[in-house]
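Remarks on the structure that follows.
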Amino acid sequence: MELNRRTVIAGAAAAGIAATTLGTGTAEAASGGRKPVKELFGTLADGTKVHRWSLANGGTRLKVLSYGGIIQSLEIPDRHGRYANVSLGYDNLAAYVAGTTFFGATIGRYGNRIAKGRFTLDGTTYQLSVNDGVNSLHGGAKGFNTKVWDIEGFTSGSDVGLHLHYTSVDGEMGYPGTLRTKVTFTLNRHGDWTIDYEATTDKPTVVNLTNHTYWNLAGEGNGTIEDHELAIAAGRYTPTDSGLIPTGELATVSGTPFDFRKGKPVGRDIRAGHPQQVQAKGFDHNWVLDKGVTAKPEHIATLRDPRSGRTLKIATDQPGLQFYSGNFLDGTLTGTSGRTYRQGDGLCLETQHFPDSPNHASFPSTVLRPGQVYRTRTVHSFDA
């Protein structure tokens, strides 16, 4: 009989099995949250110290850097209780500073792309930092992924987590308004990882916050994700031009490689030769979630590794999901485990508003005004 993750964890707790070192061992006895642990991870060129925070609860182990609000490691057990780090990343600060992959980063002010780094709001046109050809990507050359966040650890009942704070000044990367941002990472007693985003502004602006974790449920550095099974509750997606900017069309997935409604292996149709795939070198598109914008998170995607049994379920209140199949991993990067990452060795599932929304009136709005509070939540649940 195959045991699910919570049964494995409960059994370990009943037997008094102690937690083991990161990366090995059986499921920990984690019926309640432990106080977050802070340690020095490295120092930036200007002398700024970067810390790593460690959390554990409900069988999930999370390591977060103050640099970029980065998920450096996320460990969960397989069907036998054996742990693996299922998020791609590095073992040193210098690699994150030099990197261009956004491994595990908190993304802002604007997740994904804005065409030509330009948008018009209330009659004023703003020119943003351009860092992806002629376009702005993930907030520009010095987006939130490059900032050192103020972090506070907390415990609340059986929950354990971190509050991350960053204030983006008026004009940073070309964006209007001073944006005060708070991101909260929480692990509950079931091991679910929740991200709560909150922001306020003193001038009209646009905002679209997300997280850029690359997943490999077999364990980072353990090969391709093409055999992972993925389901996405979306009947449409947003086709893009050659710069990966949405054309404005909301196209049906029916009869195309973009149809993941019933679930299928990621690699089944990845080389189908659809013009959109050829252009993106795989999947790198926004799926238009059937549920739209919702008051509370709803389940929208499931990812499963058949070999280990590890399963990730994502719920969100956002209207879009960017599925990126790791097309530009090229074997030149060495990950946390000391193994190299090649094309398709990880994938991203970024909950979001649609790319280039400020330039498409028909897309859900990303405008935030003074007096309003930007709030959104995404929940990651794990099983095996």
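In the structure tokens, chains take letters A, B, ... by order of appearance, with residues numbered from 1 within each chain and ligands from 1 in the order shown.
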Contacts of range 60-76 of chain A within 6 Å, only C-alpha atoms, excl. fewer than 2 positions in-chain, as a tab-separated table (two decimals) with all heavy atoms, in the first residue's frame:
```tsv
chain	number	residue	atom	x	y	z
A	50	VAL	N	23.74	39.48	4.21
A	50	VAL	CA	22.58	38.72	3.74
A	50	VAL	C	22.39	37.52	4.65
A	50	VAL	O	23.34	36.76	4.89
A	50	VAL	CB	22.75	38.27	2.27
A	50	VAL	CG1	21.64	37.32	1.85
A	50	VAL	CG2	22.81	39.49	1.35
A	51	HIS	N	21.18	37.36	5.16
A	51	HIS	CA	20.89	36.26	6.08
A	51	HIS	C	20.00	35.21	5.43
A	51	HIS	O	19.28	35.49	4.47
A	51	HIS	CB	20.22	36.81	7.35
A	51	HIS	CG	21.13	37.66	8.16
A	51	HIS	ND1	21.18	39.04	8.04
A	51	HIS	CD2	22.06	37.34	9.12
A	51	HIS	CE1	22.07	39.53	8.87
A	51	HIS	NE2	22.61	38.53	9.54
A	52	ARG	N	20.10	34.02	5.96
A	52	ARG	CA	19.23	32.92	5.55
A	52	ARG	C	18.38	32.52	6.75
A	52	ARG	O	18.89	32.32	7.85
A	52	ARG	CB	20.05	31.73	5.06
A	52	ARG	CG	19.18	30.53	4.66
A	52	ARG	CD	19.99	29.47	3.93
A	52	ARG	NE	21.01	28.88	4.79
A	52	ARG	CZ	21.86	27.93	4.38
A	52	ARG	NH1	21.82	27.51	3.13
A	52	ARG	NH2	22.76	27.45	5.21
A	53	TRP	N	17.08	32.42	6.50
A	53	TRP	CA	16.13	32.01	7.52
A	53	TRP	C	15.64	30.59	7.22
A	53	TRP	O	15.33	30.28	6.07
A	53	TRP	CB	14.94	32.97	7.54
A	53	TRP	CG	15.25	34.33	8.04
A	53	TRP	CD1	15.88	35.34	7.37
A	53	TRP	CD2	14.94	34.85	9.34
A	53	TRP	NE1	15.99	36.45	8.16
A	53	TRP	CE2	15.42	36.18	9.39
A	53	TRP	CE3	14.31	34.33	10.47
A	53	TRP	CZ2	15.28	36.99	10.51
A	53	TRP	CZ3	14.18	35.13	11.59
A	53	TRP	CH2	14.65	36.45	11.61
A	54	SER	N	15.57	29.77	8.25
A	54	SER	CA	15.12	28.39	8.10
A	54	SER	C	13.82	28.17	8.86
A	54	SER	O	13.70	28.57	10.03
A	54	SER	CB	16.18	27.41	8.62
A	54	SER	OG	17.38	27.54	7.90
A	55	LEU	N	12.86	27.55	8.18
A	55	LEU	CA	11.56	27.22	8.77
A	55	LEU	C	11.30	25.74	8.58
A	55	LEU	O	11.74	25.14	7.59
A	55	LEU	CB	10.43	27.98	8.07
A	55	LEU	CG	10.54	29.48	7.83
A	55	LEU	CD1	9.34	29.95	7.00
A	55	LEU	CD2	10.58	30.20	9.16
A	56	ALA	N	10.54	25.15	9.49
A	56	ALA	CA	10.11	23.76	9.33
A	56	ALA	C	8.76	23.60	10.01
A	56	ALA	O	8.56	24.05	11.14
A	56	ALA	CB	11.12	22.79	9.92
A	57	ASN	N	7.84	22.94	9.31
A	57	ASN	CA	6.53	22.67	9.89
A	57	ASN	C	5.80	21.66	9.02
A	57	ASN	O	5.88	21.72	7.78
A	57	ASN	CB	5.70	23.95	9.99
A	57	ASN	CG	4.58	23.86	11.03
A	57	ASN	OD1	4.51	22.90	11.79
A	57	ASN	ND2	3.72	24.86	11.06
A	58	GLY	N	5.11	20.75	9.66
A	58	GLY	CA	4.26	19.81	8.95
A	58	GLY	C	4.97	18.97	7.91
A	58	GLY	O	4.36	18.46	6.96
A	83	TYR	N	13.58	12.81	2.12
A	83	TYR	CA	13.56	14.23	1.76
A	83	TYR	C	14.39	14.53	0.53
A	83	TYR	O	15.41	13.88	0.27
A	83	TYR	CB	14.07	15.07	2.93
A	83	TYR	CG	12.99	15.44	3.91
A	83	TYR	CD1	12.67	14.59	4.96
A	83	TYR	CD2	12.28	16.62	3.77
A	83	TYR	CE1	11.68	14.92	5.86
A	83	TYR	CE2	11.28	16.96	4.67
A	83	TYR	CZ	10.99	16.11	5.71
A	83	TYR	OH	9.99	16.44	6.59
A	84	ALA	N	13.96	15.55	-0.20
A	84	ALA	CA	14.76	16.13	-1.27
A	84	ALA	C	14.40	17.60	-1.38
A	84	ALA	O	13.27	18.01	-1.11
A	84	ALA	CB	14.50	15.42	-2.60
A	85	ASN	N	15.38	18.39	-1.79
A	85	ASN	CA	15.15	19.80	-2.10
A	85	ASN	C	14.55	19.87	-3.51
A	85	ASN	O	15.20	19.49	-4.49
A	85	ASN	CB	16.47	20.57	-2.05
A	85	ASN	CG	16.34	22.01	-2.52
A	85	ASN	OD1	15.24	22.57	-2.59
A	85	ASN	ND2	17.47	22.62	-2.85
A	86	VAL	N	13.33	20.36	-3.62
A	86	VAL	CA	12.61	20.33	-4.90
A	86	VAL	C	12.62	21.68	-5.61
A	86	VAL	O	11.89	21.88	-6.59
A	86	VAL	CB	11.16	19.84	-4.71
A	86	VAL	CG1	11.15	18.40	-4.20
A	86	VAL	CG2	10.37	20.76	-3.78
A	87	SER	N	13.42	22.64	-5.13
A	87	SER	CA	13.52	23.95	-5.77
A	87	SER	C	14.95	24.18	-6.25
A	87	SER	O	15.91	23.89	-5.53
A	87	SER	CB	13.10	25.06	-4.81
A	87	SER	OG	14.01	25.16	-3.73
A	89	GLY	N	18.33	26.23	-7.21
A	89	GLY	CA	18.98	27.38	-6.60
A	89	GLY	C	20.48	27.19	-6.53
A	89	GLY	O	21.04	26.27	-7.14
A	104	GLY	N	13.89	31.13	-7.44
A	104	GLY	CA	13.24	31.26	-6.14
A	104	GLY	C	12.88	32.66	-5.70
A	104	GLY	O	12.42	32.85	-4.58
A	105	ALA	N	13.05	33.67	-6.57
A	105	ALA	CA	12.98	35.06	-6.13
A	105	ALA	C	11.56	35.58	-5.94
A	105	ALA	O	10.62	35.14	-6.60
A	105	ALA	CB	13.71	35.96	-7.13
A	106	THR	N	11.44	36.56	-5.04
A	106	THR	CA	10.23	37.36	-4.94
A	106	THR	C	10.32	38.43	-6.03
A	106	THR	O	11.29	39.19	-6.09
A	106	THR	CB	10.12	38.02	-3.56
A	106	THR	OG1	9.99	36.98	-2.56
A	106	THR	CG2	8.92	38.94	-3.48
A	144	PHE	N	12.83	43.63	-7.47
A	144	PHE	CA	12.78	43.20	-6.07
A	144	PHE	C	13.67	41.99	-5.80
A	144	PHE	O	14.06	41.74	-4.65
A	144	PHE	CB	11.34	42.89	-5.67
A	144	PHE	CG	10.46	44.10	-5.52
A	144	PHE	CD1	10.91	45.37	-5.84
A	144	PHE	CD2	9.15	43.96	-5.07
A	144	PHE	CE1	10.09	46.49	-5.70
A	144	PHE	CE2	8.32	45.07	-4.93
A	144	PHE	CZ	8.80	46.33	-5.24
A	145	ASN	N	13.96	41.22	-6.84
A	145	ASN	CA	14.82	40.04	-6.68
A	145	ASN	C	16.26	40.40	-6.35
A	145	ASN	O	17.05	39.54	-5.96
A	145	ASN	CB	14.80	39.21	-7.96
A	145	ASN	CG	15.30	39.99	-9.16
A	145	ASN	OD1	14.66	40.96	-9.59
A	145	ASN	ND2	16.43	39.59	-9.74
A	146	THR	N	16.63	41.69	-6.48
A	146	THR	CA	18.00	42.13	-6.19
A	146	THR	C	18.08	42.94	-4.89
A	146	THR	O	19.16	43.41	-4.52
A	146	THR	CB	18.55	43.01	-7.33
A	146	THR	OG1	17.86	44.27	-7.35
A	146	THR	CG2	18.41	42.33	-8.67
A	147	LYS	N	16.97	43.11	-4.21
A	147	LYS	CA	16.92	43.94	-3.01
A	147	LYS	C	17.09	43.10	-1.75
A	147	LYS	O	16.71	41.93	-1.70
A	147	LYS	CB	15.60	44.71	-2.94
A	147	LYS	CG	15.27	45.52	-4.21
A	147	LYS	CD	16.36	46.52	-4.55
A	147	LYS	CE	16.02	47.30	-5.80
A	147	LYS	NZ	17.09	48.26	-6.17
A	148	VAL	N	17.67	43.73	-0.72
A	148	VAL	CA	17.77	43.06	0.58
A	148	VAL	C	16.55	43.44	1.40
A	148	VAL	O	16.33	44.61	1.71
A	148	VAL	CB	19.06	43.46	1.31
A	148	VAL	CG1	19.11	42.81	2.70
A	148	VAL	CG2	20.28	43.03	0.50
A	149	TRP	N	15.74	42.45	1.71
A	149	TRP	CA	14.49	42.65	2.42
A	149	TRP	C	14.71	42.61	3.94
A	149	TRP	O	15.57	41.87	4.43
A	149	TRP	CB	13.49	41.55	2.04
A	149	TRP	CG	13.04	41.57	0.61
A	149	TRP	CD1	13.79	41.33	-0.50
A	149	TRP	CD2	11.71	41.85	0.14
A	149	TRP	NE1	13.02	41.44	-1.64
A	149	TRP	CE2	11.74	41.76	-1.28
A	149	TRP	CE3	10.51	42.16	0.77
A	149	TRP	CZ2	10.61	41.96	-2.07
A	149	TRP	CZ3	9.38	42.36	0.00
A	149	TRP	CH2	9.44	42.27	-1.40
A	191	GLY	N	2.10	21.45	6.51
A	191	GLY	CA	3.22	21.65	5.61
A	191	GLY	C	2.88	22.48	4.40
A	191	GLY	O	3.70	22.61	3.48
```
(message) So that I can see what lies close to Phe185 in chain A, please list as a VMD selection string the residues with an atom at most 9 Å from it, counting only C-alpha atoms and leaving out residues fewer than 5 positions away in the same chain.
(response) chain A and resid 160 to 164 193 to 196
Export N, CA and C atoms of the chosen residues as a PDB file, in the first residue's frame?
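What follows is the written file out-v7.pdb:
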```pdb
ATOM      1  N   VAL A 160       4.170  28.782  11.450  1.00  0.00           N
ATOM      2  CA  VAL A 160       5.484  29.405  11.564  1.00  0.00           C
ATOM      3  C   VAL A 160       5.753  30.129  10.252  1.00  0.00           C
ATOM      4  N   GLY A 161       6.434  31.287  10.325  1.00  0.00           N
ATOM      5  CA  GLY A 161       6.616  32.010   9.075  1.00  0.00           C
ATOM      6  C   GLY A 161       7.546  33.194   9.178  1.00  0.00           C
ATOM      7  N   LEU A 162       7.535  33.965   8.082  1.00  0.00           N
ATOM      8  CA  LEU A 162       8.379  35.144   7.952  1.00  0.00           C
ATOM      9  C   LEU A 162       7.578  36.288   7.369  1.00  0.00           C
ATOM     10  N   HIS A 163       7.794  37.482   7.893  1.00  0.00           N
ATOM     11  CA  HIS A 163       7.297  38.714   7.287  1.00  0.00           C
ATOM     12  C   HIS A 163       8.477  39.399   6.592  1.00  0.00           C
ATOM     13  N   LEU A 164       8.341  39.667   5.302  1.00  0.00           N
ATOM     14  CA  LEU A 164       9.374  40.339   4.529  1.00  0.00           C
ATOM     15  C   LEU A 164       8.873  41.730   4.150  1.00  0.00           C
ATOM     16  N   TRP A 193       2.579  25.722   2.189  1.00  0.00           N
ATOM     17  CA  TRP A 193       3.327  26.979   2.109  1.00  0.00           C
ATOM     18  C   TRP A 193       2.445  28.038   1.460  1.00  0.00           C
ATOM     19  N   THR A 194       2.095  29.054   2.246  1.00  0.00           N
ATOM     20  CA  THR A 194       1.247  30.145   1.762  1.00  0.00           C
ATOM     21  C   THR A 194       2.078  31.403   1.584  1.00  0.00           C
ATOM     22  N   ILE A 195       1.844  32.105   0.476  1.00  0.00           N
ATOM     23  CA  ILE A 195       2.463  33.411   0.244  1.00  0.00           C
ATOM     24  C   ILE A 195       1.356  34.456   0.222  1.00  0.00           C
ATOM     25  N   ASP A 196       1.461  35.430   1.112  1.00  0.00           N
ATOM     26  CA  ASP A 196       0.549  36.575   1.131  1.00  0.00           C
ATOM     27  C   ASP A 196       1.320  37.819   0.713  1.00  0.00           C
TER      28      ASP A 196
END
```
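The interatomic distance for the pair CA of Lys49 in chain A and CA of Cys348 in chain A works out to 28.4 Å.
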If DSSP is run on the backbone, what residues of range 137-172 of chain A are strand (DSSP E)? A reply as a CSV table (one decimal) with N, CA, C and O atoms, in the first residue's frame would be ideal.
```
chain,number,residue,atom,x,y,z
A,137,LEU,N,11.4,43.2,-17.8
A,137,LEU,CA,11.0,41.8,-17.3
A,137,LEU,C,11.2,41.8,-15.8
A,137,LEU,O,12.3,42.2,-15.3
A,150,ASP,N,13.9,43.4,4.7
A,150,ASP,CA,13.9,43.3,6.1
A,150,ASP,C,13.0,42.1,6.4
A,150,ASP,O,11.8,42.0,5.9
A,151,ILE,N,13.4,41.2,7.3
A,151,ILE,CA,12.7,40.0,7.6
A,151,ILE,C,12.5,39.8,9.1
A,151,ILE,O,13.5,40.0,9.9
A,152,GLU,N,11.3,39.5,9.5
A,152,GLU,CA,11.0,39.1,10.9
A,152,GLU,C,10.4,37.7,10.9
A,152,GLU,O,9.5,37.4,10.1
A,153,GLY,N,10.9,36.9,11.8
A,153,GLY,CA,10.3,35.6,12.0
A,153,GLY,C,9.1,35.6,12.9
A,153,GLY,O,9.0,36.5,13.8
A,154,PHE,N,8.2,34.7,12.8
A,154,PHE,CA,7.1,34.6,13.7
A,154,PHE,C,6.5,33.2,13.9
A,154,PHE,O,6.8,32.3,13.0
A,155,THR,N,5.9,33.0,15.0
A,155,THR,CA,5.0,31.8,15.2
A,155,THR,C,3.7,32.3,15.6
A,155,THR,O,3.5,33.3,16.3
A,156,SER,N,2.6,31.6,15.1
A,156,SER,CA,1.3,32.0,15.5
A,156,SER,C,0.4,30.7,15.6
A,156,SER,O,0.1,30.1,14.5
A,159,ASP,N,1.3,27.7,13.3
A,159,ASP,CA,1.9,28.2,12.1
A,159,ASP,C,3.3,28.8,12.4
A,159,ASP,O,3.5,29.3,13.6
A,160,VAL,N,4.2,28.8,11.4
A,160,VAL,CA,5.5,29.4,11.6
A,160,VAL,C,5.8,30.1,10.3
A,160,VAL,O,5.3,29.7,9.2
A,161,GLY,N,6.4,31.3,10.3
A,161,GLY,CA,6.6,32.0,9.1
A,161,GLY,C,7.5,33.2,9.2
A,161,GLY,O,8.2,33.4,10.2
A,162,LEU,N,7.5,34.0,8.1
A,162,LEU,CA,8.4,35.1,8.0
A,162,LEU,C,7.6,36.3,7.4
A,162,LEU,O,6.8,36.1,6.4
A,163,HIS,N,7.8,37.5,7.9
A,163,HIS,CA,7.3,38.7,7.3
A,163,HIS,C,8.5,39.4,6.6
A,163,HIS,O,9.5,39.7,7.2
A,164,LEU,N,8.3,39.7,5.3
A,164,LEU,CA,9.4,40.3,4.5
A,164,LEU,C,8.9,41.7,4.2
A,164,LEU,O,7.7,41.9,3.7
A,165,HIS,N,9.7,42.8,4.3
A,165,HIS,CA,9.3,44.1,4.0
A,165,HIS,C,10.3,44.8,3.1
A,165,HIS,O,11.6,44.6,3.3
A,166,TYR,N,9.8,45.5,2.1
A,166,TYR,CA,10.7,46.3,1.3
A,166,TYR,C,9.9,47.5,0.8
A,166,TYR,O,8.7,47.4,0.4
A,167,THR,N,10.5,48.7,0.8
A,167,THR,CA,9.9,49.9,0.3
A,167,THR,C,10.6,50.3,-0.9
A,167,THR,O,11.8,50.6,-0.9
A,168,SER,N,9.9,50.4,-2.0
A,168,SER,CA,10.4,50.8,-3.3
A,168,SER,C,10.1,52.3,-3.5
A,168,SER,O,8.9,52.7,-3.5
```
(message) Please determine, counting only C-alpha atoms, which residue among A:Gly248, A:Gly335, A:Pro306, A:Gly235 has the shortest atom-to-atom distance to Arg261 in chain A.
(response) A:Gly235
(request) Kindly indicate which residue among A:Leu349, A:Ala295, A:Leu187, A:Leu321 lies nearest to Gly59 in chain A, using only C-alpha atoms for the distances. (result) A:Leu187
(message) So that I can check the secondary structure, give me every residue of range 128-352 of chain A assigned alpha helix (DSSP H) by backbone DSSP, as a PyMOL selection string.
(response) chain A and resi 275-280
(request) Could you jot down the CA of Tyr237 in chain A to CA of Lys142 in chain A separation for me, Å, one decimal place? (result) 28.7 Å
